[in-house]
Each structure stands twice: as C-alpha cells, then as structure tokens.
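S.K.: Data: run_22.json, JSON, C-alpha atoms and all ligand atoms.
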```json
[["chain", "number", "residue", "atom", "x", "y", "z"],
["A", 867, "MET", "CA", 35.09, 2.59, -12.09],
["A", 868, "ASN", "CA", 32.15, 4.20, -13.76],
["A", 869, "GLU", "CA", 29.90, 1.26, -13.08],
["A", 870, "HIS", "CA", 30.80, 1.45, -9.38],
["A", 871, "ARG", "CA", 29.83, 5.09, -9.30],
["A", 872, "ALA", "CA", 26.53, 4.28, -11.02],
["A", 873, "ALA", "CA", 25.75, 1.54, -8.51],
["A", 874, "ALA", "CA", 26.36, 3.91, -5.60],
["A", 875, "ARG", "CA", 24.14, 6.62, -7.03],
["A", 876, "PRO", "CA", 21.56, 7.70, -4.46],
["A", 877, "ARG", "CA", 17.94, 6.94, -5.23],
["A", 878, "ALA", "CA", 15.85, 9.78, -6.58],
["A", 879, "ASP", "CA", 12.56, 10.89, -5.05],
["A", 880, "ILE", "CA", 9.11, 10.28, -6.53],
["A", 881, "THR", "CA", 8.67, 13.10, -9.04],
["A", 882, "GLY", "CA", 5.29, 12.45, -10.66],
["A", 883, "ARG", "CA", 2.83, 10.05, -12.24],
["A", 884, "GLU", "CA", 5.43, 8.09, -14.20],
["A", 885, "ASP", "CA", 7.31, 7.24, -11.01],
["A", 886, "LEU", "CA", 4.08, 6.32, -9.25],
["A", 887, "ALA", "CA", 3.17, 3.98, -12.11],
["A", 888, "VAL", "CA", 6.50, 2.15, -11.72],
["A", 889, "LEU", "CA", 6.10, 1.97, -7.93],
["A", 890, "LEU", "CA", 2.48, 0.79, -8.04],
["A", 891, "ARG", "CA", 3.10, -1.94, -10.60],
["A", 892, "ARG", "CA", 5.91, -3.25, -8.43],
["A", 893, "PHE", "CA", 3.90, -2.98, -5.21],
["A", 894, "TYR", "CA", 0.79, -4.70, -6.60],
["A", 895, "THR", "CA", 2.85, -7.44, -8.23],
["A", 896, "ALA", "CA", 4.26, -8.19, -4.76],
["A", 897, "ALA", "CA", 0.84, -7.82, -3.08],
["A", 898, "PHE", "CA", -0.84, -10.20, -5.55],
["A", 899, "ALA", "CA", 1.92, -12.78, -4.95],
["A", 900, "ASP", "CA", 1.83, -12.43, -1.17],
["A", 901, "PRO", "CA", 0.47, -15.53, 0.59],
["A", 902, "ARG", "CA", -1.36, -13.44, 3.22],
["A", 903, "ILE", "CA", -3.01, -10.63, 1.26],
["A", 904, "GLY", "CA", -2.72, -11.88, -2.34],
["A", 905, "PRO", "CA", -5.92, -13.98, -2.19],
["A", 906, "PHE", "CA", -8.01, -10.87, -1.43],
["A", 907, "PHE", "CA", -7.09, -9.62, -4.90],
["A", 908, "THR", "CA", -6.81, -12.86, -6.82],
["A", 909, "GLN", "CA", -9.59, -14.96, -5.28],
["A", 910, "ILE", "CA", -12.08, -12.71, -3.50],
["A", 911, "ALA", "CA", -12.17, -9.57, -5.64],
["A", 912, "GLY", "CA", -10.79, -11.11, -8.84],
["A", 913, "THR", "CA", -8.92, -7.86, -9.46],
["A", 914, "ASP", "CA", -7.69, -7.14, -12.97],
["A", 915, "LEU", "CA", -4.35, -5.46, -12.27],
["A", 916, "ASP", "CA", -4.28, -3.57, -15.57],
["A", 917, "ALA", "CA", -7.72, -2.12, -14.82],
["A", 918, "HIS", "CA", -6.89, -1.38, -11.17],
["A", 919, "LEU", "CA", -3.57, 0.41, -11.80],
["A", 920, "PRO", "CA", -4.89, 3.59, -13.50],
["A", 921, "ARG", "CA", -7.42, 4.17, -10.67],
["A", 922, "ILE", "CA", -4.89, 3.55, -7.94],
["A", 923, "THR", "CA", -2.36, 5.76, -9.74],
["A", 924, "ASP", "CA", -5.01, 8.53, -9.80],
["A", 925, "PHE", "CA", -5.54, 7.99, -6.06],
["A", 926, "TRP", "CA", -1.83, 8.38, -5.29],
["A", 927, "GLU", "CA", -1.26, 11.21, -7.74],
["A", 928, "ARG", "CA", -4.10, 13.08, -6.05],
["A", 929, "ALA", "CA", -2.76, 12.22, -2.58],
["A", 930, "LEU", "CA", 0.82, 13.30, -3.24],
["A", 931, "PHE", "CA", 0.64, 15.92, -5.99],
["A", 932, "ARG", "CA", -3.01, 17.05, -6.00],
["A", 933, "THR", "CA", -3.00, 16.78, -9.79],
["A", 934, "ALA", "CA", -5.19, 13.77, -10.61],
["A", 935, "ASP", "CA", -8.95, 13.83, -10.39],
["A", 936, "TYR", "CA", -9.61, 10.77, -8.22],
["A", 937, "LYS", "CA", -13.23, 10.75, -7.13],
["A", 938, "GLY", "CA", -13.56, 7.15, -6.01],
["A", 939, "SER", "CA", -13.96, 5.78, -2.54],
["A", 940, "ALA", "CA", -11.19, 3.78, -0.95],
["A", 941, "LEU", "CA", -13.55, 2.59, 1.79],
["A", 942, "ALA", "CA", -16.25, 0.87, -0.29],
["A", 943, "PRO", "CA", -14.18, -1.89, -1.94],
["A", 944, "HIS", "CA", -12.52, -2.76, 1.36],
["A", 945, "ARG", "CA", -15.88, -2.94, 3.12],
["A", 946, "ALA", "CA", -17.01, -5.44, 0.49],
["A", 947, "LEU", "CA", -13.79, -7.44, 0.94],
["A", 948, "HIS", "CA", -14.11, -7.38, 4.72],
["A", 949, "SER", "CA", -17.60, -8.83, 4.60],
["A", 950, "ALA", "CA", -16.43, -11.60, 2.26],
["A", 951, "ARG", "CA", -13.40, -12.38, 4.43],
["A", 952, "GLN", "CA", -12.33, -10.44, 7.51],
["A", 953, "LEU", "CA", -9.41, -8.07, 6.95],
["A", 954, "THR", "CA", -7.28, -8.33, 10.07],
["A", 955, "ALA", "CA", -4.59, -6.24, 11.74],
["A", 956, "GLU", "CA", -2.04, -8.67, 10.33],
["A", 957, "ASP", "CA", -3.36, -8.19, 6.81],
["A", 958, "PHE", "CA", -3.05, -4.41, 7.03],
["A", 959, "GLY", "CA", 0.35, -4.82, 8.69],
["A", 960, "ARG", "CA", 1.52, -6.86, 5.73],
["A", 961, "TRP", "CA", 0.14, -4.26, 3.30],
["A", 962, "VAL", "CA", 2.16, -1.55, 5.09],
["A", 963, "GLN", "CA", 5.34, -3.65, 5.09],
["A", 964, "LEU", "CA", 5.05, -4.38, 1.37],
["A", 965, "TRP", "CA", 4.29, -0.72, 0.63],
["A", 966, "ARG", "CA", 7.36, 0.47, 2.53],
["A", 967, "ALA", "CA", 9.57, -2.17, 0.95],
["A", 968, "ALA", "CA", 8.40, -1.21, -2.56],
["A", 969, "ILE", "CA", 9.06, 2.49, -1.95],
["A", 970, "ASP", "CA", 12.42, 1.95, -0.24],
["A", 971, "GLY", "CA", 13.53, -0.26, -3.11],
["A", 972, "LEU", "CA", 12.97, 2.50, -5.66],
["A", 973, "TYR", "CA", 12.87, 5.99, -4.17],
["A", 974, "GLU", "CA", 14.29, 8.17, -1.46],
["A", 975, "GLY", "CA", 13.31, 11.66, -0.32],
["A", 976, "PRO", "CA", 10.49, 13.75, 1.16],
["A", 977, "LEU", "CA", 7.82, 12.47, -1.25],
["A", 978, "ALA", "CA", 8.86, 8.87, -0.65],
["A", 979, "GLU", "CA", 8.58, 9.49, 3.10],
["A", 980, "ARG", "CA", 5.20, 11.12, 2.65],
["A", 981, "ALA", "CA", 3.94, 8.21, 0.55],
["A", 982, "LYS", "CA", 5.01, 5.75, 3.25],
["A", 983, "ALA", "CA", 3.41, 7.76, 6.04],
["A", 984, "GLN", "CA", 0.23, 8.31, 4.05],
["A", 985, "GLY", "CA", -0.12, 4.62, 3.15],
["A", 986, "GLU", "CA", 0.26, 3.77, 6.80],
["A", 987, "ARG", "CA", -2.31, 6.38, 7.80],
["A", 988, "VAL", "CA", -4.87, 5.16, 5.25],
["A", 989, "ALA", "CA", -4.25, 1.55, 6.34],
["A", 990, "LEU", "CA", -4.90, 2.50, 9.95],
["A", 991, "THR", "CA", -8.02, 4.49, 9.04],
["A", 992, "LEU", "CA", -9.44, 1.68, 6.90],
["A", 993, "TYR", "CA", -8.73, -0.89, 9.60],
["A", 994, "ARG", "CA", -10.42, 1.28, 12.23],
["A", 995, "ARG", "CA", -13.43, 1.88, 10.01],
["A", 996, "LEU", "CA", -13.82, -1.82, 9.24],
["A", 997, "ALA", "CA", -12.86, -3.49, 12.49],
["A", 998, "GLY", "CA", -13.99, -0.81, 14.95],
["A", 999, "ALA", "CA", -12.28, 1.90, 16.95],
["A", 1000, "ASP", "CA", -11.31, -0.50, 19.73],
["A", 1001, "ALA", "CA", -9.97, -3.28, 17.52],
["A", 1002, "PRO", "CA", -6.48, -4.43, 18.51],
["A", 1003, "LEU", "CA", -3.52, -3.08, 16.56],
["A", 1004, "THR", "CA", -1.47, -6.18, 17.17],
["A", 1005, "GLY", "CA", -2.45, -9.74, 16.52],
["A", 1006, "ARG", "CA", -1.03, -13.18, 16.82],
["A", 1007, "GLY", "CA", 0.99, -13.01, 13.62],
["A", 1008, "PRO", "CA", 3.68, -10.54, 12.60],
["A", 1009, "GLY", "CA", 1.30, -7.84, 13.78],
["A", 1010, "PHE", "CA", 0.07, -4.51, 12.60],
["A", 1011, "VAL", "CA", 2.66, -1.76, 12.37],
["A", 1012, "PRO", "CA", 1.07, 1.12, 14.28],
["A", 1013, "LEU", "CA", 1.62, 4.74, 13.30],
["A", 1014, "ALA", "CA", 3.65, 5.29, 16.42],
["A", 1015, "ALA", "CA", 6.10, 2.52, 15.59],
["A", 1016, "LEU", "CA", 8.13, 4.44, 13.06],
["A", 1017, "GLU", "CA", 11.23, 2.67, 14.27],
["A", 1018, "LEU", "CA", 9.83, -0.51, 12.72],
["A", 1019, "ARG", "CA", 10.10, 1.07, 9.27],
["A", 1020, "SER", "CA", 13.05, -1.05, 8.33],
["A", 1021, "ALA", "CA", 11.51, -4.29, 9.59],
["A", 1022, "SER", "CA", 11.88, -7.12, 7.11],
["A", 1023, "VAL", "CA", 8.98, -7.98, 4.89],
["A", 1024, "HIS", "CA", 8.74, -11.58, 6.15],
["B", 1, "LIG", "C1", -4.76, -5.80, 3.49],
["B", 1, "LIG", "C2", -4.99, -4.61, 2.98],
["B", 1, "LIG", "C3", -5.66, -4.37, 1.64],
["B", 1, "LIG", "C4", -6.20, -5.25, 0.74],
["B", 1, "LIG", "C5", -6.28, -6.77, 0.82],
["B", 1, "LIG", "C6", -6.73, -4.45, -0.34],
["B", 1, "LIG", "C7", -7.39, -4.95, -1.46],
["B", 1, "LIG", "C8", -8.08, -4.20, -2.37],
["B", 1, "LIG", "C9", -8.94, -4.72, -3.40],
["B", 1, "LIG", "C10", -9.20, -6.22, -3.66],
["B", 1, "LIG", "C11", -9.46, -3.68, -4.08],
["B", 1, "LIG", "C12", -10.48, -3.73, -5.23],
["B", 1, "LIG", "C13", -9.78, -3.79, -6.54],
["B", 1, "LIG", "C14", -10.75, -4.06, -7.66],
["B", 1, "LIG", "O1", -11.42, -3.12, -8.10],
["B", 1, "LIG", "O2", -10.82, -5.22, -8.07],
["B", 1, "LIG", "C15", -8.89, -2.47, -3.50],
["B", 1, "LIG", "C16", -9.13, -1.19, -3.96],
["B", 1, "LIG", "C17", -8.45, -0.08, -3.51],
["B", 1, "LIG", "N1", -7.54, -0.03, -2.50],
["B", 1, "LIG", "FE1", -7.03, -1.58, -1.30],
["B", 1, "LIG", "N2", -6.47, -3.12, -0.11],
["B", 1, "LIG", "C18", -5.81, -3.02, 1.09],
["B", 1, "LIG", "C19", -5.35, -1.86, 1.67],
["B", 1, "LIG", "C20", -5.34, -0.64, 1.07],
["B", 1, "LIG", "C21", -4.69, 0.54, 1.60],
["B", 1, "LIG", "C22", -3.95, 0.62, 2.93],
["B", 1, "LIG", "C23", -4.89, 1.53, 0.72],
["B", 1, "LIG", "C24", -4.33, 2.92, 0.87],
["B", 1, "LIG", "C25", -3.82, 3.60, -0.07],
["B", 1, "LIG", "C26", -5.70, 0.99, -0.37],
["B", 1, "LIG", "C27", -6.16, 1.71, -1.46],
["B", 1, "LIG", "C28", -7.09, 1.25, -2.37],
["B", 1, "LIG", "C29", -7.75, 2.08, -3.36],
["B", 1, "LIG", "C30", -7.52, 3.59, -3.58],
["B", 1, "LIG", "C31", -8.60, 1.25, -4.09],
["B", 1, "LIG", "C32", -9.41, 1.62, -5.32],
["B", 1, "LIG", "C33", -10.73, 2.19, -5.04],
["B", 1, "LIG", "C34", -11.34, 2.54, -6.39],
["B", 1, "LIG", "O3", -11.60, 1.63, -7.21],
["B", 1, "LIG", "O4", -11.51, 3.73, -6.64],
["B", 1, "LIG", "N3", -5.93, -0.32, -0.12],
["B", 1, "LIG", "N4", -8.06, -2.82, -2.47]]
```
Rewrite the coordinates I just gave you, this time as structure tokens.
M.R.:
Amino acid sequence: MNEHRAAARPRADITGREDLAVLLRRFYTAAFADPRIGPFFTQIAGTDLDAHLPRITDFWERALFRTADYKGSALAPHRALHSARQLTAEDFGRWVQLWRAAIDGLYEGPLAERAKAQGERVALTLYRRLAGADAPLTGRGPGFVPLAALELRSASVH
C-alpha cells in the first residue's frame, strides 16, 4: 500500500540549483542523443557536457532565482553554430519539445511552468535573431512550437 502511495505522490516544483542540475543533466543527455539537434553539440561545437553544465546551470539559476552570476551571452554561441549549419524552426521546435518533456518528467508547479515558458521565449528570441524577424515559425517537419500555441505543450516529443 505504501509503495502505491509513493508512486502517486505529486511531483515537487523546482526549488533551487540542485534541482536545476538534475533537470539540465537529463535535458542535455536527451538533446545530445537527439537525431535532429544532437549533432550541433556533438559534431559542430564538440561540446563537453561536464564543462557546459555549470555555465548553463548558472544561466538558469539566474533566470529563475536571480541568485547566480551568469554574465555570458546566449546569443554568441548560437550565432557561431548557425553560421556553421543553419539552425531552423524545426531545430528550435525540437529543443522546446525536449525541454518541456524533461521538466514535465521531473517537476510540477509555478517554477516549472516559468522554466518552460522562459525556455520557449529564449528559443523564439534566438531564432528571430538568427533567422530574421520574418522567418517562418513553422517548417516542413514537426514544426516550431510558437509562443501562442500553449495548447501544444503536451505534444509528444517525436
Ligand atoms: C536547436 C536549438 C539549440 C541548439 C542546437 C543549441 C546548442 C548550443 C551549443 C552547441 C552551445 C555551445 C556549448 C559549448 O560551449 O560547447 C550552446 C550554448 C548555450 N545555449 Fe544553446 N542551443 C539551442 C537552443 C538554446 C536555447 C533555446 C537556450 C535557452 C535557454 C539555450 C541556451 C544556451 C546557453 C545559455 C548557452 C551557454 C552560453 C555560454 O557559454 O555562456 N540554447 N547551445
């Protein structure tokens, strides 16, 4: 009986850096393995996940809790990637889907919602900055998930 109660326990919200570290390791493990966006990390940038995680954790800790001292630029590395191989609406759409799936698999609550919305907003901003203000939000593939399409939140990852 006890194990049933444990299984039904509601997920907790993101409470701080430790939770972000768990979330980000899970998200980037999925992103690196993803056939669409994985090669940007593994082949183009040659990202060392253990080196990347502390910086990205600072970025998210700053974004959600205002406690970390992230002073980097999220735009610069993506500009470099984009000139090596175009980052498309579908690529950013996949990033958003994986981000939502990682959060929904672990956490639930106002901070989890804010992290999802913020990831989506940064994805949209980066895409607009790289591809241009008039670039299409949908493509031929599974498509970009626009900010307005909140009902697509539960769309499957594939
Ligand atoms: C298809 C979409 C994306 C791809 C393929 C991608 C890939 C990458 C890669 C390869 C790097 C460089 C890592 C290194 O140093 O080796 C990077 C850095 C980074 N990305 Fe992305 N990214 C994407 C979208 C996003 C989004 C939507 C966010 C929003 C939170 C984001 C946040 C960052 C940040 C904060 C950095 C680190 C900048 C720094 O070093 O200070 N990325 N990304």
S.K.: Around ligand LIG 1 (chain B), which protein and nucleic acid residues have at least one atom no more than 8 Å from it, if we count all atoms listed in the file? List them as a PyMOL selection string.
M.R.: chain A and resi 903-908+910-915+917-918+921-922+925-926+936-944+947+953-954+956-962+984-990+992
S.K.: Keeping only C-alpha atoms, write the selected residues as a short mmCIF file (atom, residue, chain, number, x, y, z; two decimals), keeping the file's coordinate frame.
M.R.:
```cif
data_model
loop_
_atom_site.label_atom_id
_atom_site.label_comp_id
_atom_site.auth_asym_id
_atom_site.auth_seq_id
_atom_site.Cartn_x
_atom_site.Cartn_y
_atom_site.Cartn_z
CA ILE A 903 -3.01 -10.63 1.26
CA GLY A 904 -2.72 -11.88 -2.34
CA PRO A 905 -5.92 -13.98 -2.19
CA PHE A 906 -8.01 -10.87 -1.43
CA PHE A 907 -7.09 -9.62 -4.90
CA THR A 908 -6.81 -12.86 -6.82
CA ILE A 910 -12.08 -12.71 -3.50
CA ALA A 911 -12.17 -9.57 -5.64
CA GLY A 912 -10.79 -11.11 -8.84
CA THR A 913 -8.92 -7.86 -9.46
CA ASP A 914 -7.69 -7.14 -12.97
CA LEU A 915 -4.35 -5.46 -12.27
CA ALA A 917 -7.72 -2.12 -14.82
CA HIS A 918 -6.89 -1.38 -11.17
CA ARG A 921 -7.42 4.17 -10.67
CA ILE A 922 -4.89 3.55 -7.94
CA PHE A 925 -5.54 7.99 -6.06
CA TRP A 926 -1.83 8.38 -5.29
CA TYR A 936 -9.61 10.77 -8.22
CA LYS A 937 -13.23 10.75 -7.13
CA GLY A 938 -13.56 7.15 -6.01
CA SER A 939 -13.96 5.78 -2.54
CA ALA A 940 -11.19 3.78 -0.95
CA LEU A 941 -13.55 2.59 1.79
CA ALA A 942 -16.25 0.87 -0.29
CA PRO A 943 -14.18 -1.89 -1.94
CA HIS A 944 -12.52 -2.76 1.36
CA LEU A 947 -13.79 -7.44 0.94
CA LEU A 953 -9.41 -8.07 6.95
CA THR A 954 -7.28 -8.33 10.07
CA GLU A 956 -2.04 -8.67 10.33
CA ASP A 957 -3.36 -8.19 6.81
CA PHE A 958 -3.05 -4.41 7.03
CA GLY A 959 0.35 -4.82 8.69
CA ARG A 960 1.52 -6.86 5.73
CA TRP A 961 0.14 -4.26 3.30
CA VAL A 962 2.16 -1.55 5.09
CA GLN A 984 0.23 8.31 4.05
CA GLY A 985 -0.12 4.62 3.15
CA GLU A 986 0.26 3.77 6.80
CA ARG A 987 -2.31 6.38 7.80
CA VAL A 988 -4.87 5.16 5.25
CA ALA A 989 -4.25 1.55 6.34
CA LEU A 990 -4.90 2.50 9.95
CA LEU A 992 -9.44 1.68 6.90
#
```
S.K.: Report, in Å with one decimal, the straight-line distance from atom CA of Leu890 of chain A to atom CA of Gly998 of chain A.
M.R.: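 Calculated distance between atom CA of Leu890 of chain A and atom CA of Gly998 of chain A is 28.3 Å.
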S.K.: Which of these, A:Lys982, A:Arg994, A:Arg883, A:Arg877, has the shortest distance to Thr933 of chain A once you count all atoms listed in the file?
M.R.: A:Arg883
S.K.: Measuring between all atoms listed in the file, which one of A:Ala981, A:Ala929, A:Gly882, A:Ala997 shows the shortest distance to Ser949 of chain A?
M.R.: A:Ala997
S.K.: Contacts of Arg891 of chain A at 10 Å or less, counting all atoms listed in the file, minus same-chain residues fewer than 3 places along, as a PDB file with C-alpha atoms, in the frame of the given file?
M.R.:
```
ATOM      1  CA  LEU A 886       4.080   6.320  -9.250  1.00  0.00           C
ATOM      2  CA  ALA A 887       3.170   3.980 -12.110  1.00  0.00           C
ATOM      3  CA  VAL A 888       6.500   2.150 -11.720  1.00  0.00           C
ATOM      4  CA  TYR A 894       0.790  -4.700  -6.600  1.00  0.00           C
ATOM      5  CA  THR A 895       2.850  -7.440  -8.230  1.00  0.00           C
ATOM      6  CA  ALA A 896       4.260  -8.190  -4.760  1.00  0.00           C
ATOM      7  CA  ALA A 897       0.840  -7.820  -3.080  1.00  0.00           C
ATOM      8  CA  LEU A 915      -4.350  -5.460 -12.270  1.00  0.00           C
ATOM      9  CA  ASP A 916      -4.280  -3.570 -15.570  1.00  0.00           C
ATOM     10  CA  LEU A 919      -3.570   0.410 -11.800  1.00  0.00           C
ATOM     11  CA  THR A 923      -2.360   5.760  -9.740  1.00  0.00           C
ATOM     12  CA  ALA A 968       8.400  -1.210  -2.560  1.00  0.00           C
TER      13      ALA A 968
END
```
